[in-house]
Every structure is written in C-alpha cells, then in structure tokens.
file target28.pdb (PDB, C-alpha atoms, pLDDT in the B column)
ATOM      1  CA  MET A1151      -4.574  16.080  17.399  1.00 45.00           C
ATOM      2  CA  ARG A1152      -7.394  14.291  15.592  1.00 64.00           C
ATOM      3  CA  ASN A1153     -10.668  16.216  15.191  1.00 76.00           C
ATOM      4  CA  ILE A1154     -12.948  13.343  16.206  1.00 81.00           C
ATOM      5  CA  LYS A1155     -12.880  12.783  19.968  1.00 88.00           C
ATOM      6  CA  LYS A1156     -15.511  10.101  20.549  1.00 92.00           C
ATOM      7  CA  ILE A1157     -17.571   7.594  18.595  1.00 93.00           C
ATOM      8  CA  LEU A1158     -21.202   7.053  19.615  1.00 95.00           C
ATOM      9  CA  ILE A1159     -22.987   3.930  18.352  1.00 95.00           C
ATOM     10  CA  GLU A1160     -26.747   3.669  18.780  1.00 95.00           C
ATOM     11  CA  GLN A1161     -27.534   0.343  20.422  1.00 94.00           C
ATOM     12  CA  LYS A1162     -30.765  -0.251  18.500  1.00 90.00           C
ATOM     13  CA  THR A1163     -29.763   0.824  14.988  1.00 92.00           C
ATOM     14  CA  GLY A1164     -25.967   0.560  14.998  1.00 91.00           C
ATOM     15  CA  LYS A1165     -25.732   4.074  13.550  1.00 92.00           C
ATOM     16  CA  LYS A1166     -22.402   5.794  14.219  1.00 91.00           C
ATOM     17  CA  HIS A1167     -21.973   9.395  15.336  1.00 93.00           C
ATOM     18  CA  PHE A1168     -18.627  11.212  15.190  1.00 91.00           C
ATOM     19  CA  VAL A1169     -18.253  13.664  18.060  1.00 93.00           C
ATOM     20  CA  LYS A1170     -15.761  16.484  17.509  1.00 88.00           C
ATOM     21  CA  ASP A1171     -16.532  18.736  20.492  1.00 91.00           C
ATOM     22  CA  LEU A1172     -16.693  17.426  24.066  1.00 93.00           C
ATOM     23  CA  ASP A1173     -17.463  20.880  25.471  1.00 93.00           C
ATOM     24  CA  ASP A1174     -20.994  20.981  24.096  1.00 94.00           C
ATOM     25  CA  ASN A1175     -24.060  18.740  24.158  1.00 96.00           C
ATOM     26  CA  TYR A1176     -24.336  16.416  21.145  1.00 96.00           C
ATOM     27  CA  HIS A1177     -27.674  16.375  19.300  1.00 95.00           C
ATOM     28  CA  THR A1178     -29.014  13.304  17.479  1.00 94.00           C
ATOM     29  CA  SER A1179     -32.416  12.229  16.167  1.00 92.00           C
ATOM     30  CA  SER A1180     -32.501   9.835  19.127  1.00 94.00           C
ATOM     31  CA  GLY A1181     -32.000  12.594  21.656  1.00 94.00           C
ATOM     32  CA  VAL A1182     -29.350  14.802  23.181  1.00 95.00           C
ATOM     33  CA  ILE A1183     -26.180  13.470  24.793  1.00 95.00           C
ATOM     34  CA  LEU A1184     -25.016  15.717  27.620  1.00 95.00           C
ATOM     35  CA  LYS A1185     -21.442  16.992  27.570  1.00 94.00           C
ATOM     36  CA  LYS A1186     -20.856  15.632  31.085  1.00 94.00           C
ATOM     37  CA  ASP A1187     -21.576  12.148  29.744  1.00 94.00           C
ATOM     38  CA  LEU A1188     -19.322  12.702  26.723  1.00 95.00           C
ATOM     39  CA  LYS A1189     -16.460  13.562  29.088  1.00 93.00           C
ATOM     40  CA  SER A1190     -17.141  10.636  31.397  1.00 93.00           C
ATOM     41  CA  LYS A1191     -15.374   7.279  31.345  1.00 90.00           C
ATOM     42  CA  LYS A1192     -18.624   5.395  30.811  1.00 92.00           C
ATOM     43  CA  ASN A1193     -18.886   2.864  27.991  1.00 94.00           C
ATOM     44  CA  ILE A1194     -22.687   3.029  27.822  1.00 96.00           C
ATOM     45  CA  ILE A1195     -24.640   6.303  28.029  1.00 96.00           C
ATOM     46  CA  LYS A1196     -28.218   7.428  27.403  1.00 95.00           C
ATOM     47  CA  SER A1197     -29.750  10.386  25.605  1.00 95.00           C
ATOM     48  CA  ASP A1198     -32.452  12.597  27.108  1.00 94.00           C
ATOM     49  CA  LYS A1199     -34.960  10.375  25.261  1.00 95.00           C
ATOM     50  CA  GLY A1200     -33.693   7.300  27.068  1.00 95.00           C
ATOM     51  CA  LYS A1201     -31.965   5.832  23.997  1.00 95.00           C
ATOM     52  CA  THR A1202     -28.815   3.810  24.676  1.00 96.00           C
ATOM     53  CA  PHE A1203     -25.466   4.544  23.027  1.00 96.00           C
ATOM     54  CA  PHE A1204     -22.115   2.769  23.210  1.00 96.00           C
ATOM     55  CA  MET A1205     -19.271   5.284  23.556  1.00 96.00           C
ATOM     56  CA  ILE A1206     -15.759   4.379  22.408  1.00 94.00           C
ATOM     57  CA  GLU A1207     -12.451   6.041  21.557  1.00 91.00           C
ATOM     58  CA  PRO A1208     -12.033   6.390  17.779  1.00 89.00           C
ATOM     59  CA  THR A1209      -9.674   3.931  16.098  1.00 88.00           C
ATOM     60  CA  PHE A1210      -8.202   4.205  12.601  1.00 88.00           C
ATOM     61  CA  PRO A1211     -11.063   2.291  10.867  1.00 88.00           C
ATOM     62  CA  ASP A1212     -13.599   4.573  12.566  1.00 83.00           C
ATOM     63  CA  LEU A1213     -11.802   7.667  11.302  1.00 83.00           C
ATOM     64  CA  TRP A1214     -11.501   6.128   7.832  1.00 86.00           C
ATOM     65  CA  GLU A1215     -15.293   5.905   7.641  1.00 81.00           C
ATOM     66  CA  SER A1216     -15.551   9.651   8.229  1.00 76.00           C
ATOM     67  CA  LEU A1217     -13.222  10.666   5.367  1.00 80.00           C
ATOM     68  CA  SER A1218     -14.421  13.621   3.328  1.00 68.00           C
ATOM     69  CA  ARG A1219     -15.295  12.212  -0.075  1.00 72.00           C
ATOM     70  CA  GLY A1220     -13.947  13.535  -3.346  1.00 66.00           C
ATOM     71  CA  PRO A1221     -12.446  11.386  -6.112  1.00 68.00           C
ATOM     72  CA  GLN A1222     -12.990   7.620  -5.970  1.00 74.00           C
ATOM     73  CA  LEU A1223     -11.056   6.256  -3.015  1.00 84.00           C
ATOM     74  CA  MET A1224      -9.047   3.066  -2.703  1.00 90.00           C
ATOM     75  CA  LEU A1225     -10.928   0.548  -0.555  1.00 91.00           C
ATOM     76  CA  PRO A1226      -9.602  -1.468   2.416  1.00 92.00           C
ATOM     77  CA  LYS A1227      -9.511  -4.733   0.443  1.00 94.00           C
ATOM     78  CA  ASP A1228      -6.936  -3.224  -1.938  1.00 95.00           C
ATOM     79  CA  ILE A1229      -5.071  -1.192   0.682  1.00 96.00           C
ATOM     80  CA  GLY A1230      -4.594  -4.282   2.828  1.00 96.00           C
ATOM     81  CA  MET A1231      -3.019  -6.158  -0.061  1.00 97.00           C
ATOM     82  CA  VAL A1232      -0.567  -3.285  -0.684  1.00 97.00           C
ATOM     83  CA  MET A1233       0.512  -3.467   2.952  1.00 97.00           C
ATOM     84  CA  ALA A1234       0.795  -7.255   2.950  1.00 96.00           C
ATOM     85  CA  LYS A1235       2.753  -7.521  -0.302  1.00 97.00           C
ATOM     86  CA  THR A1236       5.216  -4.701   0.414  1.00 98.00           C
ATOM     87  CA  GLY A1237       5.840  -5.372   4.118  1.00 96.00           C
ATOM     88  CA  ILE A1238       5.929  -1.718   5.131  1.00 97.00           C
ATOM     89  CA  ASN A1239       6.647  -0.982   8.792  1.00 97.00           C
ATOM     90  CA  HIS A1240       7.494   1.808  11.235  1.00 97.00           C
ATOM     91  CA  ASN A1241      10.857   2.410   9.500  1.00 98.00           C
ATOM     92  CA  SER A1242       9.462   2.756   5.971  1.00 98.00           C
ATOM     93  CA  LYS A1243       9.795   5.904   3.860  1.00 98.00           C
ATOM     94  CA  ILE A1244       7.072   6.200   1.227  1.00 98.00           C
ATOM     95  CA  VAL A1245       5.913   8.413  -1.628  1.00 98.00           C
ATOM     96  CA  ASP A1246       2.268   8.303  -2.719  1.00 98.00           C
ATOM     97  CA  ALA A1247       1.110  10.079  -5.885  1.00 97.00           C
ATOM     98  CA  GLY A1248      -2.457  10.862  -6.811  1.00 93.00           C
ATOM     99  CA  GLY A1249      -3.487  11.396  -3.197  1.00 87.00           C
ATOM    100  CA  GLY A1250      -7.174  11.708  -4.034  1.00 87.00           C
ATOM    101  CA  THR A1251      -9.148  11.538  -0.792  1.00 90.00           C
ATOM    102  CA  GLY A1252      -6.127  10.317   1.154  1.00 93.00           C
ATOM    103  CA  SER A1253      -7.540   6.845   1.728  1.00 94.00           C
ATOM    104  CA  LEU A1254      -4.288   5.077   0.834  1.00 96.00           C
ATOM    105  CA  CYS A1255      -1.755   7.597   2.153  1.00 96.00           C
ATOM    106  CA  LEU A1256      -3.507   7.830   5.533  1.00 96.00           C
ATOM    107  CA  SER A1257      -3.589   4.043   5.844  1.00 96.00           C
ATOM    108  CA  LEU A1258       0.121   3.875   5.049  1.00 97.00           C
ATOM    109  CA  ALA A1259       0.890   6.776   7.409  1.00 97.00           C
ATOM    110  CA  ASN A1260      -0.730   4.799  10.218  1.00 94.00           C
ATOM    111  CA  MET A1261       2.132   2.300   9.870  1.00 95.00           C
ATOM    112  CA  CYS A1262       5.163   3.975   8.288  1.00 97.00           C
ATOM    113  CA  LYS A1263       7.849   6.400   9.435  1.00 97.00           C
ATOM    114  CA  GLU A1264       7.114   9.119   6.888  1.00 98.00           C
ATOM    115  CA  ILE A1265       5.141   9.569   3.688  1.00 98.00           C
ATOM    116  CA  THR A1266       5.187  12.308   1.061  1.00 98.00           C
ATOM    117  CA  VAL A1267       2.033  12.808  -1.012  1.00 98.00           C
ATOM    118  CA  TYR A1268       2.012  14.395  -4.478  1.00 98.00           C
ATOM    119  CA  GLU A1269      -1.358  15.803  -5.598  1.00 96.00           C
ATOM    120  CA  ILE A1270      -1.591  18.216  -8.526  1.00 95.00           C
ATOM    121  CA  ASN A1271      -5.393  18.591  -8.751  1.00 94.00           C
ATOM    122  CA  PRO A1272      -6.439  21.632  -6.631  1.00 93.00           C
ATOM    123  CA  GLU A1273      -9.806  20.140  -5.620  1.00 91.00           C
ATOM    124  CA  HIS A1274      -8.288  16.792  -4.663  1.00 93.00           C
ATOM    125  CA  TYR A1275      -5.490  18.591  -2.800  1.00 94.00           C
ATOM    126  CA  ASP A1276      -8.050  20.388  -0.616  1.00 93.00           C
ATOM    127  CA  VAL A1277      -9.872  17.130   0.144  1.00 92.00           C
ATOM    128  CA  VAL A1278      -6.757  15.207   1.142  1.00 93.00           C
ATOM    129  CA  ALA A1279      -5.479  18.158   3.201  1.00 93.00           C
ATOM    130  CA  LYS A1280      -8.776  18.221   5.098  1.00 90.00           C
ATOM    131  CA  ASN A1281      -8.610  14.481   5.755  1.00 90.00           C
ATOM    132  CA  ILE A1282      -4.991  14.645   6.950  1.00 91.00           C
ATOM    133  CA  LYS A1283      -6.075  17.290   9.442  1.00 88.00           C
ATOM    134  CA  LEU A1284      -8.950  15.040  10.558  1.00 84.00           C
ATOM    135  CA  PHE A1285      -6.534  12.246  11.444  1.00 87.00           C
ATOM    136  CA  GLY A1286      -3.941  14.535  12.978  1.00 87.00           C
ATOM    137  CA  PHE A1287      -0.958  12.638  11.535  1.00 91.00           C
ATOM    138  CA  LYS A1288       2.384  14.462  11.704  1.00 93.00           C
ATOM    139  CA  ASN A1289       4.344  12.090   9.451  1.00 97.00           C
ATOM    140  CA  ILE A1290       2.636  13.171   6.199  1.00 97.00           C
ATOM    141  CA  LYS A1291       4.077  15.828   3.894  1.00 97.00           C
ATOM    142  CA  LEU A1292       1.576  17.009   1.288  1.00 97.00           C
ATOM    143  CA  LYS A1293       2.874  18.575  -1.932  1.00 97.00           C
ATOM    144  CA  HIS A1294       0.770  20.470  -4.463  1.00 96.00           C
ATOM    145  CA  ASP A1295       2.946  19.192  -7.283  1.00 96.00           C
ATOM    146  CA  SER A1296       3.085  16.710 -10.167  1.00 97.00           C
ATOM    147  CA  ILE A1297       5.168  13.562  -9.700  1.00 98.00           C
ATOM    148  CA  TYR A1298       5.496  13.411 -13.501  1.00 97.00           C
ATOM    149  CA  LYS A1299       8.111  16.180 -13.156  1.00 97.00           C
ATOM    150  CA  GLY A1300      10.282  14.162 -10.775  1.00 97.00           C
ATOM    151  CA  ILE A1301      10.663  12.778  -7.241  1.00 98.00           C
ATOM    152  CA  LYS A1302      12.904  14.717  -4.870  1.00 97.00           C
ATOM    153  CA  GLU A1303      12.727  12.111  -2.086  1.00 98.00           C
ATOM    154  CA  LYS A1304      15.425   9.380  -2.157  1.00 97.00           C
ATOM    155  CA  ASP A1305      16.106   5.980  -0.525  1.00 98.00           C
ATOM    156  CA  LEU A1306      12.417   5.122  -0.573  1.00 98.00           C
ATOM    157  CA  ASP A1307      10.989   1.777   0.538  1.00 98.00           C
ATOM    158  CA  LEU A1308       7.746   2.145  -1.420  1.00 98.00           C
ATOM    159  CA  ILE A1309       6.157   4.304  -4.109  1.00 98.00           C
ATOM    160  CA  THR A1310       2.408   4.016  -4.757  1.00 98.00           C
ATOM    161  CA  LEU A1311       0.810   5.477  -7.881  1.00 98.00           C
ATOM    162  CA  ASP A1312      -2.898   6.075  -8.491  1.00 96.00           C
ATOM    163  CA  LEU A1313      -2.466   8.044 -11.708  1.00 95.00           C
ATOM    164  CA  PRO A1314      -3.760   7.868 -15.296  1.00 95.00           C
ATOM    165  CA  GLU A1315      -0.223   7.662 -16.803  1.00 97.00           C
ATOM    166  CA  PRO A1316       2.057   5.915 -14.292  1.00 98.00           C
ATOM    167  CA  TRP A1317       4.568   4.988 -17.018  1.00 98.00           C
ATOM    168  CA  GLN A1318       5.715   8.611 -16.884  1.00 98.00           C
ATOM    169  CA  VAL A1319       7.018   7.955 -13.352  1.00 98.00           C
ATOM    170  CA  ILE A1320       9.112   4.837 -14.033  1.00 98.00           C
ATOM    171  CA  GLU A1321      12.381   6.690 -14.645  1.00 97.00           C
ATOM    172  CA  HIS A1322      11.875   8.862 -11.548  1.00 98.00           C
ATOM    173  CA  ALA A1323      11.037   5.800  -9.442  1.00 98.00           C
ATOM    174  CA  GLU A1324      14.257   4.066 -10.528  1.00 97.00           C
ATOM    175  CA  LYS A1325      16.283   6.962  -9.103  1.00 97.00           C
ATOM    176  CA  SER A1326      14.366   7.253  -5.826  1.00 98.00           C
ATOM    177  CA  LEU A1327      13.722   3.658  -4.744  1.00 98.00           C
ATOM    178  CA  LYS A1328      16.171   1.599  -2.720  1.00 98.00           C
ATOM    179  CA  GLN A1329      17.470  -1.588  -4.303  1.00 97.00           C
ATOM    180  CA  GLY A1330      14.791  -4.234  -3.814  1.00 97.00           C
ATOM    181  CA  ALA A1331      12.156  -1.643  -2.822  1.00 98.00           C
ATOM    182  CA  HIS A1332       8.575  -1.728  -4.091  1.00 98.00           C
ATOM    183  CA  LEU A1333       6.474   0.181  -6.602  1.00 98.00           C
ATOM    184  CA  VAL A1334       2.712  -0.415  -6.591  1.00 98.00           C
ATOM    185  CA  VAL A1335       0.408   0.926  -9.300  1.00 98.00           C
ATOM    186  CA  TYR A1336      -3.395   1.070  -9.069  1.00 97.00           C
ATOM    187  CA  LEU A1337      -5.238   1.273 -12.398  1.00 96.00           C
ATOM    188  CA  PRO A1338      -8.903   0.914 -13.432  1.00 93.00           C
ATOM    189  CA  ASN A1339      -8.562  -0.624 -16.912  1.00 94.00           C
ATOM    190  CA  LEU A1340      -6.446  -3.185 -18.756  1.00 95.00           C
ATOM    191  CA  ASN A1341      -5.235  -0.872 -21.521  1.00 96.00           C
ATOM    192  CA  GLN A1342      -3.422   1.207 -18.892  1.00 97.00           C
ATOM    193  CA  VAL A1343      -2.103  -1.957 -17.239  1.00 97.00           C
ATOM    194  CA  LYS A1344      -0.646  -3.242 -20.520  1.00 97.00           C
ATOM    195  CA  MET A1345       0.968   0.102 -21.349  1.00 97.00           C
ATOM    196  CA  PHE A1346       2.574   0.342 -17.911  1.00 98.00           C
ATOM    197  CA  ILE A1347       3.899  -3.240 -17.988  1.00 98.00           C
ATOM    198  CA  ASP A1348       5.337  -2.755 -21.497  1.00 97.00           C
ATOM    199  CA  SER A1349       7.060   0.442 -20.345  1.00 97.00           C
ATOM    200  CA  CYS A1350       8.682  -1.345 -17.387  1.00 97.00           C
ATOM    201  CA  ARG A1351      10.532  -3.768 -19.704  1.00 94.00           C
ATOM    202  CA  ARG A1352      13.015  -1.051 -20.573  1.00 90.00           C
ATOM    203  CA  SER A1353      13.862  -0.282 -16.928  1.00 96.00           C
ATOM    204  CA  ASN A1354      15.145  -1.758 -13.679  1.00 96.00           C
ATOM    205  CA  ILE A1355      11.563  -1.785 -12.377  1.00 97.00           C
ATOM    206  CA  LYS A1356      10.336  -5.365 -12.771  1.00 97.00           C
ATOM    207  CA  VAL A1357       6.677  -6.358 -12.544  1.00 98.00           C
ATOM    208  CA  THR A1358       6.231  -9.268 -10.131  1.00 97.00           C
ATOM    209  CA  GLU A1359       2.451  -9.623 -10.030  1.00 97.00           C
ATOM    210  CA  THR A1360      -0.814  -8.173 -11.352  1.00 98.00           C
ATOM    211  CA  LEU A1361      -4.053  -8.913  -9.551  1.00 96.00           C
ATOM    212  CA  GLU A1362      -7.528  -7.754  -8.562  1.00 95.00           C
ATOM    213  CA  LEU A1363      -9.480  -8.572  -5.428  1.00 94.00           C
ATOM    214  CA  ILE A1364     -13.158  -9.468  -5.089  1.00 92.00           C
ATOM    215  CA  GLU A1365     -14.880  -9.176  -1.717  1.00 91.00           C
ATOM    216  CA  ARG A1366     -17.996 -11.201  -0.838  1.00 91.00           C
ATOM    217  CA  LYS A1367     -19.755 -10.939   2.514  1.00 92.00           C
ATOM    218  CA  TRP A1368     -21.832 -13.697   4.089  1.00 94.00           C
ATOM    219  CA  LYS A1369     -25.149 -13.592   5.918  1.00 92.00           C
ATOM    220  CA  ILE A1370     -25.048 -15.753   9.066  1.00 94.00           C
ATOM    221  CA  GLU A1371     -28.322 -15.472  10.978  1.00 91.00           C
ATOM    222  CA  ASP A1372     -30.222 -18.266  12.758  1.00 91.00           C
ATOM    223  CA  ARG A1373     -30.367 -21.046  10.146  1.00 92.00           C
ATOM    224  CA  ILE A1374     -29.442 -18.767   7.268  1.00 93.00           C
ATOM    225  CA  MET A1375     -25.895 -19.260   6.010  1.00 94.00           C
ATOM    226  CA  ARG A1376     -25.377 -17.888   2.532  1.00 93.00           C
ATOM    227  CA  PRO A1377     -23.387 -15.318   0.589  1.00 92.00           C
ATOM    228  CA  GLU A1378     -24.892 -11.839   0.421  1.00 91.00           C
ATOM    229  CA  PHE A1379     -26.627 -11.142  -2.881  1.00 87.00           C
ATOM    230  CA  GLN A1380     -24.353  -8.193  -3.606  1.00 86.00           C
ATOM    231  CA  MET A1381     -20.571  -8.341  -3.582  1.00 82.00           C
ATOM    232  CA  LEU A1382     -17.734  -5.881  -4.106  1.00 83.00           C
ATOM    233  CA  GLY A1383     -16.259  -6.807  -7.454  1.00 82.00           C
ATOM    234  CA  HIS A1384     -13.729  -5.019  -9.646  1.00 85.00           C
ATOM    235  CA  THR A1385     -12.433  -1.759  -8.208  1.00 89.00           C
ATOM    236  CA  GLY A1386      -9.017  -1.672  -9.843  1.00 93.00           C
ATOM    237  CA  PHE A1387      -5.927  -3.634 -10.866  1.00 97.00           C
ATOM    238  CA  LEU A1388      -2.931  -3.740  -8.539  1.00 98.00           C
ATOM    239  CA  ILE A1389       0.463  -4.040 -10.232  1.00 98.00           C
ATOM    240  CA  PHE A1390       3.289  -4.975  -7.871  1.00 98.00           C
ATOM    241  CA  CYS A1391       6.850  -4.173  -8.933  1.00 98.00           C
ATOM    242  CA  ARG A1392      10.351  -4.139  -7.416  1.00 98.00           C
ATOM    243  CA  LYS A1393      13.533  -2.344  -8.308  1.00 97.00           C
ATOM    244  CA  PHE A1394      16.346  -4.766  -9.144  1.00 93.00           C
TER     245      PHE A1394
END
call {"tool": "encode", "arguments": {"input": "target28.pdb", "output": "structure tokens"}}
result
Amino acid sequence: MRNIKKILIEQKTGKKHFVKDLDDNYHTSSGVILKKDLKSKKNIIKSDKGKTFFMIEPTFPDLWESLSRGPQLMLPKDIGMVMAKTGINHNSKIVDAGGGTGSLCLSLANMCKEITVYEINPEHYDVVAKNIKLFGFKNIKLKHDSIYKGIKEKDLDLITLDLPEPWQVIEHAEKSLKQGAHLVVYLPNLNQVKMFIDSCRRSNIKVTETLELIERKWKIEDRIMRPEFQMLGHTGFLIFCRKF
C-alpha cells in the first residue's frame, strides 16, 4: 500500500502537501487540516486559518514528485520516449540496471507485468528501496547486485541501462532478450555513446536510433504568448537498440 494517502493543494499558492497519515491532524504554514476532513469525501476543505485546499487522491505523477532524491534521476521527457519507442505494456518483462532513485523503474513498473532492478551502489540501493516502498508496487524485484556479472532473468521484452559502462552488458543482454526485444541505454556524454555503439557492431544487438530531447515551456497569460526564458536542455543521450 502506498505511503501517501492524500494530496492537498493550496488554492492560493498551488503548493502541494503529501499526507501520509489520515489518523492525525495535518499541520501546514497555512493552518491545520483536521483529520475528520482528511477522511471525508470532500474535494475542497479549509484549514483552521480559513485557507482553502483542494484534496485529491494521489496519482502516479503526484507520487513521482515526492521521490526521495539521491543520484541524478531520469526525467519524464526521457522516460516517456522510452515507453513510446519500446511499446511496453501490461505483459512486458523488464530488467533495469543502475536503479538510482527509481525514477525510471517505477515509471515502467506502473505499466509492465514485472521488472527486476539491479543496483550495486549501497547508497543508491537504499534510496530506490525507499521509493519503491513509497509507491507500494508489488511487481518490482530489487537486487543488490551488479548487472556486469550477468543477467539471470530470461525472455525479456526490455532492458534499460543507466550505467557508466553499458558495453559490458551487451553479451548478457543478447542471452536474456527475446528476439526483436529492446535495449535502451541512457548516457550523459558522447564518448560513452560512441564506445557503446562501436561495441554493438560485434553483436546481435543493433542500434536503431540515438537521440536527445529538449523541453521548452510556454507562458500563456492575458496577451503574453512566448516561450519561457529557461528551458530543459540536454539531460542525456538515449540509445535505442533491438536484438535481431
């Protein structure tokens, strides 16, 4: 069962509050929300200071915002492209290596049948374990192990790698992926990209596409219609591969 029970959004500021306990009053800088209101079916409630809050059931994007931070996480713009390009669904079996904060594996677990996560770093392992507990998913198996040593899972539909040396996994991926299944690698710099692509040439893992995504928000307000001054630029390169 997920740890976050309700989401409170302050009407005036838009600030979000993540409520984990419905059996106690919830304290905010805008006042106290009574537990009887937290347990009610109301959509709009007020604090003891008269401030208005919207109350909703948490959805996956809400929970994603509350992830415990650790190593740099993969952002929705990149995660969405992985999902779109690989076509994962409720029957998919996946392995994810370099779990980090769990941003990617949790997003995939929200859609797939089962996912196994390899994370060798003790600190990162603790972070991703905490975040898996937050979401309450039962289809995630977390391993404190290195995928460089091998992949025990077979007949996989997708393997995702967020690792400094993904070329060490190519041979293991060949043995574990189904024919026509996908391998996706996420890397921060071009030297790593080139080394991985060169290593694939000697295998049945064929690179189909390498790309990066840039996200730019727009300000639409009264007569103002312009791009925001800041945009989300390079976060990493996505290398899409298939086993043939």
call {"tool": "closest_residue", "arguments": {"input": "target28.pdb", "among": "A:Cys1391, A:Ile1370, A:Met1375, A:Met1224", "to": "Asp1307 (chain A)", "atoms": "all atoms listed in the file"}}
result
A:Cys1391
call {"tool": "residues_around", "arguments": {"input": "target28.pdb", "residues": "region 1337-1341 of chain A", "least_positions_apart": "4", "cutoff": "12 Å", "atoms": "all atoms listed in the file", "output": "list in words"}}
result
Gln1222, Leu1223, Met1224, Asp1228, Gly1248, Thr1310, Leu1311, Asp1312, Leu1313, Pro1314, Glu1315, Pro1316, Trp1317, Met1345, Phe1346, Ile1347, Asp1348, Thr1360, Leu1361, Glu1362, His1384, Thr1385, Gly1386, Phe1387, Leu1388, Ile1389 and Phe1390 of chain A
call {"tool": "write_last_selection", "arguments": {"input": "target28.pdb", "atoms": "C-alpha atoms", "output": "compact mmCIF listing (two decimals), in the frame of the given file"}}
result
# COMPACT_ATOMS: atom_id res chain seq x y z
CA GLN A 1222 -12.99 7.62 -5.97
CA LEU A 1223 -11.06 6.26 -3.02
CA MET A 1224 -9.05 3.07 -2.70
CA ASP A 1228 -6.94 -3.22 -1.94
CA GLY A 1248 -2.46 10.86 -6.81
CA THR A 1310 2.41 4.02 -4.76
CA LEU A 1311 0.81 5.48 -7.88
CA ASP A 1312 -2.90 6.08 -8.49
CA LEU A 1313 -2.47 8.04 -11.71
CA PRO A 1314 -3.76 7.87 -15.30
CA GLU A 1315 -0.22 7.66 -16.80
CA PRO A 1316 2.06 5.92 -14.29
CA TRP A 1317 4.57 4.99 -17.02
CA MET A 1345 0.97 0.10 -21.35
CA PHE A 1346 2.57 0.34 -17.91
CA ILE A 1347 3.90 -3.24 -17.99
CA ASP A 1348 5.34 -2.76 -21.50
CA THR A 1360 -0.81 -8.17 -11.35
CA LEU A 1361 -4.05 -8.91 -9.55
CA GLU A 1362 -7.53 -7.75 -8.56
CA HIS A 1384 -13.73 -5.02 -9.65
CA THR A 1385 -12.43 -1.76 -8.21
CA GLY A 1386 -9.02 -1.67 -9.84
CA PHE A 1387 -5.93 -3.63 -10.87
CA LEU A 1388 -2.93 -3.74 -8.54
CA ILE A 1389 0.46 -4.04 -10.23
CA PHE A 1390 3.29 -4.97 -7.87
call {"tool": "closest_residue", "arguments": {"input": "target28.pdb", "among": "A:Asp1212, A:Glu1365, A:Glu1207, A:Asp1198", "to": "Lys1166 (chain A)", "atoms": "only C-alpha atoms"}}
result
A:Asp1212
call {"tool": "residues_around", "arguments": {"input": "target28.pdb", "residues": "Glu1321 (chain A)", "least_positions_apart": "2", "cutoff": "12 Å", "atoms": "only C-alpha atoms", "output": "number ranges by chain"}}
result
A: 1297-1301, 1316-1319, 1323-1327, 1333, 1349-1355, 1393
call {"tool": "resolve_selection", "arguments": {"input": "target28.pdb", "expression": "the PyMOL selection byres ((chain A and resi 1271) around 12)", "output": "ChimeraX atom specification"}}
result
/A:1220-1221,1247-1251,1268-1270,1272-1279,1293-1297,1313
call {"tool": "write_last_selection", "arguments": {"input": "target28.pdb", "atoms": "C-alpha atoms", "output": "PDB file, in the frame of the given file"}}
result
ATOM      1  CA  GLY A1220     -13.947  13.535  -3.346  1.00 66.00           C
ATOM      2  CA  PRO A1221     -12.446  11.386  -6.112  1.00 68.00           C
ATOM      3  CA  ALA A1247       1.110  10.079  -5.885  1.00 97.00           C
ATOM      4  CA  GLY A1248      -2.457  10.862  -6.811  1.00 93.00           C
ATOM      5  CA  GLY A1249      -3.487  11.396  -3.197  1.00 87.00           C
ATOM      6  CA  GLY A1250      -7.174  11.708  -4.034  1.00 87.00           C
ATOM      7  CA  THR A1251      -9.148  11.538  -0.792  1.00 90.00           C
ATOM      8  CA  TYR A1268       2.012  14.395  -4.478  1.00 98.00           C
ATOM      9  CA  GLU A1269      -1.358  15.803  -5.598  1.00 96.00           C
ATOM     10  CA  ILE A1270      -1.591  18.216  -8.526  1.00 95.00           C
ATOM     11  CA  PRO A1272      -6.439  21.632  -6.631  1.00 93.00           C
ATOM     12  CA  GLU A1273      -9.806  20.140  -5.620  1.00 91.00           C
ATOM     13  CA  HIS A1274      -8.288  16.792  -4.663  1.00 93.00           C
ATOM     14  CA  TYR A1275      -5.490  18.591  -2.800  1.00 94.00           C
ATOM     15  CA  ASP A1276      -8.050  20.388  -0.616  1.00 93.00           C
ATOM     16  CA  VAL A1277      -9.872  17.130   0.144  1.00 92.00           C
ATOM     17  CA  VAL A1278      -6.757  15.207   1.142  1.00 93.00           C
ATOM     18  CA  ALA A1279      -5.479  18.158   3.201  1.00 93.00           C
ATOM     19  CA  LYS A1293       2.874  18.575  -1.932  1.00 97.00           C
ATOM     20  CA  HIS A1294       0.770  20.470  -4.463  1.00 96.00           C
ATOM     21  CA  ASP A1295       2.946  19.192  -7.283  1.00 96.00           C
ATOM     22  CA  SER A1296       3.085  16.710 -10.167  1.00 97.00           C
ATOM     23  CA  ILE A1297       5.168  13.562  -9.700  1.00 98.00           C
ATOM     24  CA  LEU A1313      -2.466   8.044 -11.708  1.00 95.00           C
TER      25      LEU A1313
END
call {"tool": "closest_atom_pairs", "arguments": {"input": "target28.pdb", "of": "region 1201-1274 of chain A", "to": "region 1172-1185 of chain A", "cutoff": "12 Å", "atoms": "all atoms listed in the file", "output": "CSV"}}
result
residue,atom,partner,partner_atom,distance
A:Lys1201,CA,A:Ser1180,CA,6.3
A:Thr1202,CA,A:Ser1180,CA,9.0
A:Phe1203,CA,A:Ile1183,CA,9.1
A:Phe1204,CA,A:Ile1183,CA,11.6
A:Met1205,CA,A:Ile1183,CA,10.8
call {"tool": "axis_aligned_box", "arguments": {"input": "target28.pdb", "around": "region 1186-1202 of chain A", "padding_each_side": "4 Å", "output": "AutoDock Vina command-line options"}}
result
--center_x -25.2 --center_y 9.2 --center_z 27.7 --size_x 27.6 --size_y 20.8 --size_z 15.4
call {"tool": "atom_distance", "arguments": {"input": "target28.pdb", "atom1": "CA of Phe1168 (chain A)", "atom2": "CA of Leu1292 (chain A)"}}
result
25.2 Å
call {"tool": "atom_distance", "arguments": {"input": "target28.pdb", "atom1": "CA of Trp1368 (chain A)", "atom2": "CA of Ser1257 (chain A)"}}
result
25.5 Å
call {"tool": "atom_distance", "arguments": {"input": "target28.pdb", "atom1": "CA of Arg1376 (chain A)", "atom2": "CA of Met1233 (chain A)"}}
result
29.6 Å
call {"tool": "residues_around", "arguments": {"input": "target28.pdb", "residues": "Glu1378 (chain A)", "least_positions_apart": "2", "cutoff": "8 Å", "atoms": "all atoms listed in the file", "output": "number ranges by chain"}}
result
A: 1366-1369, 1376, 1380-1381
call {"tool": "resolve_selection", "arguments": {"input": "target28.pdb", "expression": "the PyMOL selection byres ((chain A and resi 1232) around 10)", "output": "count of residues only"}}
result
24
call {"tool": "resolve_selection", "arguments": {"input": "target28.pdb", "expression": "the PyMOL selection byres ((chain A and resi 1245) around 6)", "output": "ChimeraX atom specification"}}
result
/A:1244,1246,1265-1267,1309
call {"tool": "closest_residue", "arguments": {"input": "target28.pdb", "among": "A:Thr1358, A:Gln1329, A:Asn1153, A:Gln1161", "to": "Ile1194 (chain A)", "atoms": "all atoms listed in the file"}}
result
A:Gln1161
call {"tool": "closest_residue", "arguments": {"input": "target28.pdb", "among": "A:Cys1255, A:Leu1188, A:Leu1158, A:Ile1206", "to": "Leu1225 (chain A)", "atoms": "all atoms listed in the file"}}
result
A:Cys1255
call {"tool": "closest_residue", "arguments": {"input": "target28.pdb", "among": "A:Ile1374, A:Leu1284, A:Ala1259, A:Ala1331", "to": "Lys1170 (chain A)", "atoms": "all atoms listed in the file"}}
result
A:Leu1284
